file data_22.csv (CSV, C-alpha atoms)
chain,number,residue,atom,x,y,z
H,1,MET,CA,-25.0,-1.8,5.6
H,2,GLU,CA,-21.3,-1.4,4.6
H,3,GLU,CA,-19.3,1.0,6.8
H,4,GLU,CA,-18.6,4.4,5.1
H,5,ARG,CA,-15.0,4.5,3.9
H,6,LYS,CA,-12.9,7.3,5.4
H,7,ILE,CA,-10.3,9.2,3.3
H,8,LEU,CA,-7.8,11.6,4.7
H,9,ILE,CA,-6.7,14.3,2.2
H,10,VAL,CA,-3.4,16.0,3.1
H,11,ASP,CA,-2.4,19.0,1.0
H,12,ASP,CA,-1.6,22.6,1.9
H,13,GLU,CA,-3.5,24.0,-1.1
H,14,LYS,CA,-7.1,24.4,0.0
H,15,SER,CA,-8.4,24.6,-3.5
H,16,ILE,CA,-7.1,21.1,-4.3
H,17,VAL,CA,-8.5,19.8,-1.0
H,18,ASP,CA,-11.9,21.4,-1.8
H,19,ILE,CA,-12.1,19.9,-5.3
H,20,LEU,CA,-11.1,16.4,-4.1
H,21,LYS,CA,-13.5,16.6,-1.1
H,22,TYR,CA,-16.4,17.7,-3.3
H,23,ASN,CA,-16.0,14.9,-5.8
H,24,LEU,CA,-15.1,12.2,-3.3
H,25,GLU,CA,-18.1,13.0,-1.1
H,26,LYS,CA,-20.3,12.5,-4.2
H,27,GLU,CA,-18.9,9.0,-4.4
H,28,GLY,CA,-20.0,8.3,-0.9
H,29,TYR,CA,-16.7,8.7,1.0
H,30,ARG,CA,-16.3,10.4,4.3
H,31,ILE,CA,-13.6,13.0,3.9
H,32,TYR,CA,-11.1,14.4,6.5
H,33,GLU,CA,-8.6,17.2,5.8
H,34,ALA,CA,-5.1,18.1,7.0
H,35,TYR,CA,-3.0,21.0,5.8
H,36,ASP,CA,0.5,20.3,7.3
H,37,ALA,CA,2.6,17.4,8.2
H,38,ASP,CA,2.0,17.4,12.0
H,39,GLU,CA,-1.8,17.7,11.5
H,40,ALA,CA,-1.6,14.8,9.0
H,41,VAL,CA,0.0,12.4,11.4
H,42,GLU,CA,-2.2,13.5,14.4
H,43,LYS,CA,-5.4,13.1,12.4
H,44,ALA,CA,-4.4,9.8,10.7
H,45,LEU,CA,-3.6,8.2,14.1
H,46,ASP,CA,-6.9,9.6,15.5
H,47,ILE,CA,-9.3,8.5,12.8
H,48,TYR,CA,-7.5,5.5,11.3
H,49,PRO,CA,-8.6,6.3,7.7
H,50,ASP,CA,-9.1,3.7,5.0
H,51,LEU,CA,-6.9,5.6,2.6
H,52,ILE,CA,-4.7,8.7,2.6
H,53,MET,CA,-4.0,11.1,-0.3
H,54,LEU,CA,-0.7,12.6,0.7
H,55,ASP,CA,1.0,15.6,-0.9
H,56,VAL,CA,4.8,15.5,-1.0
H,57,MET,CA,5.3,19.2,-0.4
H,58,LEU,CA,3.9,20.2,3.0
H,59,PRO,CA,4.5,22.8,5.7
H,60,LYS,CA,6.5,21.8,8.8
H,61,SER,CA,7.9,18.7,7.1
H,62,ASP,CA,7.1,16.7,3.9
H,63,GLY,CA,5.0,13.9,2.7
H,64,PHE,CA,7.9,11.4,2.8
H,65,THR,CA,8.4,12.0,6.5
H,66,VAL,CA,4.6,11.7,7.2
H,67,CYS,CA,4.5,8.4,5.3
H,68,ARG,CA,7.5,7.1,7.2
H,69,ARG,CA,6.0,8.1,10.6
H,70,LEU,CA,2.7,6.5,9.8
H,71,ARG,CA,4.2,3.2,8.7
H,72,GLN,CA,6.4,3.2,11.8
H,73,GLU,CA,3.1,3.4,13.8
H,74,ASN,CA,1.8,0.4,11.8
H,75,LEU,CA,-0.8,2.3,10.0
H,76,ASN,CA,-1.2,0.1,6.9
H,77,CYS,CA,-4.0,1.7,5.0
H,78,PRO,CA,-3.2,2.6,1.3
H,79,ILE,CA,-1.3,5.8,0.8
H,80,ILE,CA,-1.4,7.6,-2.5
H,81,MET,CA,1.4,10.2,-2.8
H,82,LEU,CA,0.7,13.4,-4.7
H,83,THR,CA,3.6,15.1,-6.5
H,84,ALA,CA,3.7,18.2,-8.6
H,85,ARG,CA,6.3,16.9,-10.9
H,86,GLU,CA,7.2,13.8,-12.9
H,87,ASP,CA,10.2,13.0,-10.8
H,88,VAL,CA,11.2,9.3,-10.6
H,89,VAL,CA,13.2,10.0,-7.5
H,90,ASP,CA,10.2,11.3,-5.7
H,91,LYS,CA,8.2,8.3,-6.7
H,92,ILE,CA,10.8,5.8,-5.7
H,93,ILE,CA,11.4,7.5,-2.3
H,94,GLY,CA,7.7,7.4,-1.6
H,95,LEU,CA,7.4,3.7,-2.5
H,96,GLU,CA,10.5,2.9,-0.4
H,97,LEU,CA,8.9,4.5,2.6
H,98,GLY,CA,5.7,2.5,2.2
H,99,ALA,CA,3.4,4.4,-0.2
H,100,ASP,CA,1.2,2.2,-2.3
H,101,ASP,CA,0.7,4.5,-5.3
H,102,TYR,CA,1.4,8.0,-6.6
H,103,MET,CA,-0.2,10.5,-8.9
H,104,THR,CA,1.2,13.6,-10.6
H,105,LYS,CA,-0.5,17.0,-10.4
H,106,PRO,CA,-2.5,18.2,-12.2
H,107,PHE,CA,-4.7,15.1,-12.2
H,108,VAL,CA,-8.0,14.1,-13.7
H,109,ILE,CA,-10.7,13.5,-11.1
H,110,ARG,CA,-11.9,10.4,-12.8
H,111,GLU,CA,-8.5,8.9,-12.6
H,112,VAL,CA,-8.2,9.9,-8.9
H,113,ILE,CA,-11.5,8.1,-8.2
H,114,ALA,CA,-10.4,5.0,-10.2
H,115,ARG,CA,-7.1,4.8,-8.3
H,116,ILE,CA,-8.9,5.2,-4.9
H,117,LYS,CA,-11.3,2.4,-5.7
H,118,ALA,CA,-8.5,0.2,-6.9
H,119,ASN,CA,-6.5,0.7,-3.7
H,120,LEU,CA,-9.5,0.3,-1.4
H,121,ARG,CA,-10.9,-2.8,-3.2
H,122,LYS,CA,-8.7,-5.2,-1.3
H,123,TYR,CA,-7.8,-3.2,1.8
H,124,VAL,CA,-9.1,-4.8,5.0
H,125,LYS,CA,-8.6,-3.0,8.3
H,126,PRO,CA,-6.7,-5.1,10.9
H,127,GLU,CA,-9.4,-4.9,13.5
H,128,ALA,CA,-11.9,-6.1,10.9
H,129,SER,CA,-9.7,-9.1,10.1
H,130,ILE,CA,-9.3,-10.0,13.7
H,131,LYS,CA,-13.1,-10.2,14.2
H,132,ARG,CA,-13.5,-12.8,11.5
H,133,GLU,CA,-13.6,-16.5,12.4
H,134,GLU,CA,-10.3,-17.4,13.7
H,135,ASN,CA,-10.8,-21.2,13.3
H,136,GLU,CA,-11.4,-21.1,9.6
H,137,ASP,CA,-8.2,-21.9,7.6
H,138,ASN,CA,-8.2,-19.6,4.6
H,139,GLY,CA,-4.6,-19.7,3.8
H,140,PHE,CA,-1.5,-21.8,3.2
H,141,TYR,CA,2.0,-22.3,4.5
H,142,ILE,CA,5.4,-21.4,2.9
H,143,LYS,CA,7.9,-23.0,5.2
H,144,ASP,CA,7.2,-21.3,8.6
H,145,MET,CA,5.2,-18.5,7.1
H,146,HIS,CA,1.4,-18.6,7.0
H,147,VAL,CA,-0.5,-16.5,4.5
H,148,ASP,CA,-4.2,-16.0,5.2
H,149,ALA,CA,-5.5,-15.0,1.8
H,150,LYS,CA,-9.0,-14.2,2.9
H,151,ASN,CA,-8.3,-12.1,5.9
H,152,TYR,CA,-5.1,-10.4,4.5
H,153,LEU,CA,-2.9,-11.6,7.3
H,154,ALA,CA,0.6,-13.0,7.2
H,155,THR,CA,2.6,-14.6,10.1
H,156,VAL,CA,6.2,-15.8,10.4
H,157,ASN,CA,6.8,-18.3,13.2
H,158,GLY,CA,3.4,-17.3,14.6
H,159,LYS,CA,4.3,-13.6,14.7
H,160,LEU,CA,1.9,-11.2,12.8
H,161,ILE,CA,3.7,-9.2,10.1
H,162,ASP,CA,2.4,-5.7,9.4
H,163,LEU,CA,2.1,-5.5,5.6
H,164,THR,CA,0.6,-2.8,3.4
H,165,THR,CA,-2.1,-3.8,0.9
H,166,LYS,CA,0.4,-3.8,-2.0
H,167,GLU,CA,3.0,-5.8,-0.1
H,168,PHE,CA,0.4,-8.4,0.8
H,169,GLU,CA,-1.0,-8.6,-2.7
H,170,LEU,CA,2.5,-9.2,-4.0
H,171,LEU,CA,3.1,-12.0,-1.4
H,172,LYS,CA,-0.2,-13.6,-2.1
H,173,LEU,CA,0.3,-13.5,-5.9
H,174,LEU,CA,3.7,-15.3,-5.7
H,175,ALA,CA,2.6,-17.6,-2.9
H,176,THR,CA,-0.4,-19.0,-4.8
H,177,SER,CA,1.9,-20.2,-7.5
H,178,PRO,CA,5.1,-21.4,-5.8
H,179,ASN,CA,8.2,-21.9,-7.9
H,180,GLU,CA,6.6,-19.9,-10.8
H,181,VAL,CA,8.7,-17.0,-11.8
H,182,PHE,CA,6.7,-13.7,-12.3
H,183,THR,CA,8.2,-11.0,-14.4
H,184,ARG,CA,8.1,-7.4,-13.2
H,185,GLU,CA,5.8,-6.4,-16.0
H,186,ARG,CA,3.3,-9.2,-15.0
H,187,ILE,CA,3.4,-8.2,-11.4
H,188,LEU,CA,2.9,-4.6,-12.2
H,189,LYS,CA,-0.1,-5.3,-14.4
H,190,THR,CA,-1.6,-7.8,-11.9
H,191,ILE,CA,-1.1,-5.8,-8.6
H,192,TRP,CA,-1.3,-2.2,-9.8
H,193,GLY,CA,-3.7,-2.7,-12.8
H,194,TYR,CA,-3.5,-2.6,-16.6
H,195,ASP,CA,-4.0,1.1,-16.6
H,196,TYR,CA,-1.2,1.8,-14.1
H,197,TYR,CA,1.4,3.9,-15.8
H,198,GLY,CA,4.1,2.8,-13.5
H,199,ASP,CA,7.8,1.8,-13.7
H,200,ALA,CA,9.0,-1.7,-13.3
H,201,ARG,CA,11.2,-0.4,-10.5
H,202,THR,CA,8.0,0.0,-8.5
H,203,VAL,CA,8.0,-3.8,-8.2
H,204,ASP,CA,11.6,-3.9,-7.1
H,205,VAL,CA,10.9,-1.3,-4.4
H,206,THR,CA,7.9,-3.2,-3.1
H,207,VAL,CA,9.9,-6.5,-3.1
H,208,ARG,CA,12.6,-4.8,-1.0
H,209,ARG,CA,10.0,-3.5,1.5
H,210,LEU,CA,8.4,-6.9,1.7
H,211,ARG,CA,11.7,-8.7,2.2
H,212,ALA,CA,12.6,-6.3,5.0
H,213,LYS,CA,9.5,-7.5,6.9
H,214,ILE,CA,9.5,-11.2,6.3
H,215,GLU,CA,13.1,-12.3,5.7
H,216,PRO,CA,15.4,-13.1,8.6
H,217,ASN,CA,18.3,-12.1,6.4
H,218,THR,CA,17.5,-9.9,3.4
H,219,SER,CA,20.9,-10.6,1.8
H,220,ALA,CA,20.0,-14.3,1.7
H,221,PRO,CA,16.2,-14.5,1.4
H,222,LYS,CA,14.5,-17.8,2.0
H,223,TYR,CA,10.9,-16.9,1.1
H,224,LEU,CA,11.0,-14.5,-1.8
H,225,LEU,CA,13.6,-15.3,-4.3
H,226,THR,CA,15.0,-13.6,-7.5
H,227,LYS,CA,15.5,-15.4,-10.8
H,228,ARG,CA,18.2,-13.2,-12.3
H,229,GLY,CA,17.1,-11.5,-15.5
H,230,MET,CA,13.6,-12.8,-15.2
H,231,GLY,CA,11.7,-11.9,-12.1
H,232,TYR,CA,10.6,-13.1,-8.6
H,233,TYR,CA,9.1,-16.3,-7.1
H,234,VAL,CA,8.6,-18.1,-3.8
H,235,THR,CA,9.6,-21.6,-3.1
H,236,LEU,CA,8.2,-24.2,-0.7
H,237,LYS,CA,11.6,-26.0,-0.4
call {"tool": "encode", "arguments": {"input": "data_22.csv", "output": "structure tokens"}}
result
Amino acid sequence: MEEERKILIVDDEKSIVDILKYNLEKEGYRIYEAYDADEAVEKALDIYPDLIMLDVMLPKSDGFTVCRRLRQENLNCPIIMLTAREDVVDKIIGLELGADDYMTKPFVIREVIARIKANLRKYVKPEASIKREENEDNGFYIKDMHVDAKNYLATVNGKLIDLTTKEFELLKLLATSPNEVFTRERILKTIWGYDYYGDARTVDVTVRRLRAKIEPNTSAPKYLLTKRGMGYYVTLK
């Protein structure tokens, strides 16, 4: 039987938490709650959820700080930021800090469930990956980087790189078609979904995050390259 997925909802408005909890529990998820920044970090590192719904405005700190702290602790589960306004700056900051997705309040529950399912679909917990057969080669090499497409693992010179789900999906997409240039729009549609009302800058932000983790020198990348005016690609040369 598949393990019950754990979702941590972080919001200081109890009415919102209650609505989300009620509807998500009906979908079979196990729900945990946090109402301020400190509690969010403590609970996330205690239960290691499969996904976090994280409000930007919180007591004691803010959602951006929580997101940064959790990523620094190598907690790589999907994080969906919740914001009360259509502010591009808020969204870009959240993505820069490691968030995978964002939604604007007020939201439609059906869309929330769809976003959660989309983000969980390809998330594999690190400990679950390690337990799989280590001798089976499920990936491919890009220079001295190994991408294990099945187990969602990436290593550079034998060192495991901690990637979020979206970062890995981007790397895998480009790596499976080396030297092929992918436009931002194509990447956005493939990684975030056809119904994702996002901005192409979401792709640029995720590329910057990914490069910061895999490139020895981000100013002269050797894995993930840019084709000016077109998009991104990886090269085997």
call {"tool": "closest_atom_pairs", "arguments": {"input": "data_22.csv", "of": "range 53-159 of chain H", "to": "range 8-20 of chain H", "cutoff": "7 Å", "atoms": "only C-alpha atoms", "output": "CSV"}}
result
residue,atom,partner,partner_atom,distance
H:Met53,CA,H:Ile9,CA,4.9
H:Leu54,CA,H:Val10,CA,5.0
H:Asp55,CA,H:Asp11,CA,5.2
H:Leu58,CA,H:Asp12,CA,6.1
call {"tool": "closest_residue", "arguments": {"input": "data_22.csv", "among": "H:Asn119, H:Asp148, H:Lys105, H:Gly98", "to": "Thr206 in chain H", "atoms": "only C-alpha atoms"}}
result
H:Gly98
call {"tool": "residues_around", "arguments": {"input": "data_22.csv", "residues": "range 143-145 of chain H", "least_positions_apart": "3", "cutoff": "12 Å", "atoms": "all atoms listed in the file", "output": "number ranges by chain"}}
result
H: 139-140, 148, 153-161, 171-172, 175, 178, 213-216, 222-224, 234-237
call {"tool": "write_last_selection", "arguments": {"input": "data_22.csv", "atoms": "C-alpha atoms", "output": "PDB file, in the coordinates of the input"}}
result
ATOM      1  CA  GLY H 139      -4.600 -19.700   3.800  1.00  0.00           C
ATOM      2  CA  PHE H 140      -1.500 -21.800   3.200  1.00  0.00           C
ATOM      3  CA  ASP H 148      -4.200 -16.000   5.200  1.00  0.00           C
ATOM      4  CA  LEU H 153      -2.900 -11.600   7.300  1.00  0.00           C
ATOM      5  CA  ALA H 154       0.600 -13.000   7.200  1.00  0.00           C
ATOM      6  CA  THR H 155       2.600 -14.600  10.100  1.00  0.00           C
ATOM      7  CA  VAL H 156       6.200 -15.800  10.400  1.00  0.00           C
ATOM      8  CA  ASN H 157       6.800 -18.300  13.200  1.00  0.00           C
ATOM      9  CA  GLY H 158       3.400 -17.300  14.600  1.00  0.00           C
ATOM     10  CA  LYS H 159       4.300 -13.600  14.700  1.00  0.00           C
ATOM     11  CA  LEU H 160       1.900 -11.200  12.800  1.00  0.00           C
ATOM     12  CA  ILE H 161       3.700  -9.200  10.100  1.00  0.00           C
ATOM     13  CA  LEU H 171       3.100 -12.000  -1.400  1.00  0.00           C
ATOM     14  CA  LYS H 172      -0.200 -13.600  -2.100  1.00  0.00           C
ATOM     15  CA  ALA H 175       2.600 -17.600  -2.900  1.00  0.00           C
ATOM     16  CA  PRO H 178       5.100 -21.400  -5.800  1.00  0.00           C
ATOM     17  CA  LYS H 213       9.500  -7.500   6.900  1.00  0.00           C
ATOM     18  CA  ILE H 214       9.500 -11.200   6.300  1.00  0.00           C
ATOM     19  CA  GLU H 215      13.100 -12.300   5.700  1.00  0.00           C
ATOM     20  CA  PRO H 216      15.400 -13.100   8.600  1.00  0.00           C
ATOM     21  CA  LYS H 222      14.500 -17.800   2.000  1.00  0.00           C
ATOM     22  CA  TYR H 223      10.900 -16.900   1.100  1.00  0.00           C
ATOM     23  CA  LEU H 224      11.000 -14.500  -1.800  1.00  0.00           C
ATOM     24  CA  VAL H 234       8.600 -18.100  -3.800  1.00  0.00           C
ATOM     25  CA  THR H 235       9.600 -21.600  -3.100  1.00  0.00           C
ATOM     26  CA  LEU H 236       8.200 -24.200  -0.700  1.00  0.00           C
ATOM     27  CA  LYS H 237      11.600 -26.000  -0.400  1.00  0.00           C
TER      28      LYS H 237
END
call {"tool": "atom_distance", "arguments": {"input": "data_22.csv", "atom1": "CA of Tyr22 in chain H", "atom2": "CA of Arg71 in chain H"}}
result
27.9 Å
call {"tool": "residues_near_point", "arguments": {"input": "data_22.csv", "point": "(4.5, 4.1, 0.3)", "cutoff": "8 Å", "atoms": "only C-alpha atoms", "output": "short mmCIF file (atom, residue, chain, number, x, y, z; two decimals) with C-alpha atoms, in the frame of the given file"}}
result
data_model
loop_
_atom_site.label_atom_id
_atom_site.label_comp_id
_atom_site.auth_asym_id
_atom_site.auth_seq_id
_atom_site.Cartn_x
_atom_site.Cartn_y
_atom_site.Cartn_z
CA CYS H 67 4.50 8.40 5.30
CA PRO H 78 -3.20 2.60 1.30
CA ILE H 79 -1.30 5.80 0.80
CA ILE H 80 -1.40 7.60 -2.50
CA MET H 81 1.40 10.20 -2.80
CA GLY H 94 7.70 7.40 -1.60
CA LEU H 95 7.40 3.70 -2.50
CA GLU H 96 10.50 2.90 -0.40
CA LEU H 97 8.90 4.50 2.60
CA GLY H 98 5.70 2.50 2.20
CA ALA H 99 3.40 4.40 -0.20
CA ASP H 100 1.20 2.20 -2.30
CA ASP H 101 0.70 4.50 -5.30
#
call {"tool": "atom_distance", "arguments": {"input": "data_22.csv", "atom1": "CA of Thr165 in chain H", "atom2": "CA of Asn76 in chain H"}}
result
7.2 Å
call {"tool": "decode", "arguments": {"input": "data_22.csv", "residues": "range 44-169 of chain H", "atoms": "C-alpha atoms", "output": "mmCIF file, in the first residue's frame"}}
result
data_model
loop_
_atom_site.group_PDB
_atom_site.id
_atom_site.type_symbol
_atom_site.label_atom_id
_atom_site.label_comp_id
_atom_site.auth_asym_id
_atom_site.auth_seq_id
_atom_site.Cartn_x
_atom_site.Cartn_y
_atom_site.Cartn_z
ATOM 1 C CA ALA H 44 8.841 20.789 8.689
ATOM 2 C CA LEU H 45 12.174 19.499 9.969
ATOM 3 C CA ASP H 46 10.375 17.184 12.369
ATOM 4 C CA ILE H 47 7.893 15.502 10.021
ATOM 5 C CA TYR H 48 9.677 15.931 6.651
ATOM 6 C CA PRO H 49 6.474 16.564 4.657
ATOM 7 C CA ASP H 50 5.993 15.634 1.021
ATOM 8 C CA LEU H 51 4.777 19.161 0.231
ATOM 9 C CA ILE H 52 4.453 22.517 1.984
ATOM 10 C CA MET H 53 1.839 25.193 1.346
ATOM 11 C CA LEU H 54 3.536 28.326 2.657
ATOM 12 C CA ASP H 55 1.942 31.736 3.117
ATOM 13 C CA VAL H 56 4.156 34.765 2.497
ATOM 14 C CA MET H 57 2.801 36.858 5.386
ATOM 15 C CA LEU H 58 3.447 35.151 8.741
ATOM 16 C CA PRO H 59 3.996 36.145 12.383
ATOM 17 C CA LYS H 60 7.591 36.206 13.707
ATOM 18 C CA SER H 61 9.052 36.289 10.181
ATOM 19 C CA ASP H 62 7.804 35.690 6.639
ATOM 20 C CA GLY H 63 7.381 32.841 4.191
ATOM 21 C CA PHE H 64 10.473 33.854 2.235
ATOM 22 C CA THR H 65 12.663 33.404 5.310
ATOM 23 C CA VAL H 66 11.029 30.053 6.068
ATOM 24 C CA CYS H 67 11.627 28.879 2.495
ATOM 25 C CA ARG H 68 15.279 29.939 2.649
ATOM 26 C CA ARG H 69 15.862 28.216 5.985
ATOM 27 C CA LEU H 70 14.283 24.960 4.831
ATOM 28 C CA ARG H 71 16.293 24.870 1.615
ATOM 29 C CA GLN H 72 19.459 25.546 3.619
ATOM 30 C CA GLU H 73 18.545 22.482 5.679
ATOM 31 C CA ASN H 74 18.318 20.513 2.401
ATOM 32 C CA LEU H 75 14.581 19.960 2.697
ATOM 33 C CA ASN H 76 13.754 19.542 -0.976
ATOM 34 C CA CYS H 77 10.054 18.754 -0.978
ATOM 35 C CA PRO H 78 7.880 20.955 -3.226
ATOM 36 C CA ILE H 79 6.957 24.312 -1.708
ATOM 37 C CA ILE H 80 3.908 26.211 -2.966
ATOM 38 C CA MET H 81 3.981 29.841 -1.889
ATOM 39 C CA LEU H 82 0.666 31.521 -1.073
ATOM 40 C CA THR H 83 0.433 35.268 -1.634
ATOM 41 C CA ALA H 84 -2.474 37.658 -1.108
ATOM 42 C CA ARG H 85 -1.598 39.813 -4.084
ATOM 43 C CA GLU H 86 -0.592 39.513 -7.726
ATOM 44 C CA ASP H 87 2.889 40.826 -7.074
ATOM 45 C CA VAL H 88 5.521 39.640 -9.544
ATOM 46 C CA VAL H 89 8.271 40.628 -7.110
ATOM 47 C CA ASP H 90 6.843 38.334 -4.431
ATOM 48 C CA LYS H 91 6.723 35.453 -6.895
ATOM 49 C CA ILE H 92 10.239 35.965 -8.199
ATOM 50 C CA ILE H 93 11.665 36.262 -4.678
ATOM 51 C CA GLY H 94 9.943 33.029 -3.664
ATOM 52 C CA LEU H 95 11.259 31.198 -6.707
ATOM 53 C CA GLU H 96 14.771 32.578 -6.176
ATOM 54 C CA LEU H 97 14.729 31.169 -2.647
ATOM 55 C CA GLY H 98 13.699 27.702 -3.783
ATOM 56 C CA ALA H 99 9.904 27.646 -4.019
ATOM 57 C CA ASP H 100 8.492 25.423 -6.760
ATOM 58 C CA ASP H 101 5.161 27.101 -7.381
ATOM 59 C CA TYR H 102 2.913 29.909 -6.167
ATOM 60 C CA MET H 103 -0.786 30.664 -5.894
ATOM 61 C CA THR H 104 -2.625 33.920 -5.300
ATOM 62 C CA LYS H 105 -5.379 34.254 -2.719
ATOM 63 C CA PRO H 106 -8.283 33.851 -2.964
ATOM 64 C CA PHE H 107 -7.871 30.508 -4.717
ATOM 65 C CA VAL H 108 -10.187 27.818 -6.015
ATOM 66 C CA ILE H 109 -9.889 24.539 -4.104
ATOM 67 C CA ARG H 110 -9.947 22.470 -7.280
ATOM 68 C CA GLU H 111 -6.942 24.389 -8.582
ATOM 69 C CA VAL H 112 -5.152 23.921 -5.254
ATOM 70 C CA ILE H 113 -5.671 20.161 -5.460
ATOM 71 C CA ALA H 114 -4.537 20.102 -9.084
ATOM 72 C CA ARG H 115 -1.368 22.049 -8.249
ATOM 73 C CA ILE H 116 -0.612 19.772 -5.305
ATOM 74 C CA LYS H 117 -1.035 16.633 -7.398
ATOM 75 C CA ALA H 118 1.152 18.071 -10.160
ATOM 76 C CA ASN H 119 3.933 18.950 -7.719
ATOM 77 C CA LEU H 120 3.745 15.620 -5.881
ATOM 78 C CA ARG H 121 3.592 13.492 -8.999
ATOM 79 C CA LYS H 122 7.337 13.372 -9.515
ATOM 80 C CA TYR H 123 8.630 14.086 -6.037
ATOM 81 C CA VAL H 124 10.645 11.248 -4.548
ATOM 82 C CA LYS H 125 11.893 11.526 -0.985
ATOM 83 C CA PRO H 126 15.697 11.232 -0.751
ATOM 84 C CA GLU H 127 15.538 8.306 1.682
ATOM 85 C CA ALA H 128 13.179 6.483 -0.681
ATOM 86 C CA SER H 129 15.619 6.966 -3.521
ATOM 87 C CA ILE H 130 18.537 5.628 -1.544
ATOM 88 C CA LYS H 131 16.669 2.423 -0.751
ATOM 89 C CA ARG H 132 16.241 1.585 -4.420
ATOM 90 C CA GLU H 133 18.660 -0.686 -6.228
ATOM 91 C CA GLU H 134 21.999 1.082 -6.342
ATOM 92 C CA ASN H 135 23.494 -1.158 -9.000
ATOM 93 C CA GLU H 136 20.880 -0.405 -11.621
ATOM 94 C CA ASP H 137 21.996 2.319 -14.014
ATOM 95 C CA ASN H 138 18.936 4.434 -14.705
ATOM 96 C CA GLY H 139 20.659 7.573 -15.934
ATOM 97 C CA PHE H 140 23.219 9.134 -18.187
ATOM 98 C CA TYR H 141 26.344 11.268 -18.030
ATOM 99 C CA ILE H 142 26.921 14.871 -19.026
ATOM 100 C CA LYS H 143 30.671 15.315 -18.761
ATOM 101 C CA ASP H 144 31.364 14.581 -15.058
ATOM 102 C CA MET H 145 27.710 14.884 -14.040
ATOM 103 C CA HIS H 146 25.530 11.808 -13.641
ATOM 104 C CA VAL H 147 21.757 12.208 -13.878
ATOM 105 C CA ASP H 148 19.724 9.324 -12.469
ATOM 106 C CA ALA H 149 16.368 9.914 -14.168
ATOM 107 C CA LYS H 150 14.522 7.131 -12.343
ATOM 108 C CA ASN H 151 15.603 7.890 -8.797
ATOM 109 C CA TYR H 152 15.703 11.687 -9.169
ATOM 110 C CA LEU H 153 19.345 11.984 -8.195
ATOM 111 C CA ALA H 154 22.154 14.047 -9.676
ATOM 112 C CA THR H 155 25.860 13.907 -8.854
ATOM 113 C CA VAL H 156 28.801 16.035 -9.952
ATOM 114 C CA ASN H 157 32.208 14.365 -9.614
ATOM 115 C CA GLY H 158 30.529 11.774 -7.415
ATOM 116 C CA LYS H 159 29.048 14.372 -5.052
ATOM 117 C CA LEU H 160 25.274 14.265 -4.576
ATOM 118 C CA ILE H 161 23.596 17.544 -5.498
ATOM 119 C CA ASP H 162 20.483 18.543 -3.545
ATOM 120 C CA LEU H 163 17.914 19.607 -6.131
ATOM 121 C CA THR H 164 14.283 20.527 -5.739
ATOM 122 C CA THR H 165 11.744 18.706 -7.908
ATOM 123 C CA LYS H 166 11.483 21.545 -10.423
ATOM 124 C CA GLU H 167 15.260 21.931 -10.627
ATOM 125 C CA PHE H 168 15.676 18.237 -11.337
ATOM 126 C CA GLU H 169 12.835 18.204 -13.865
#
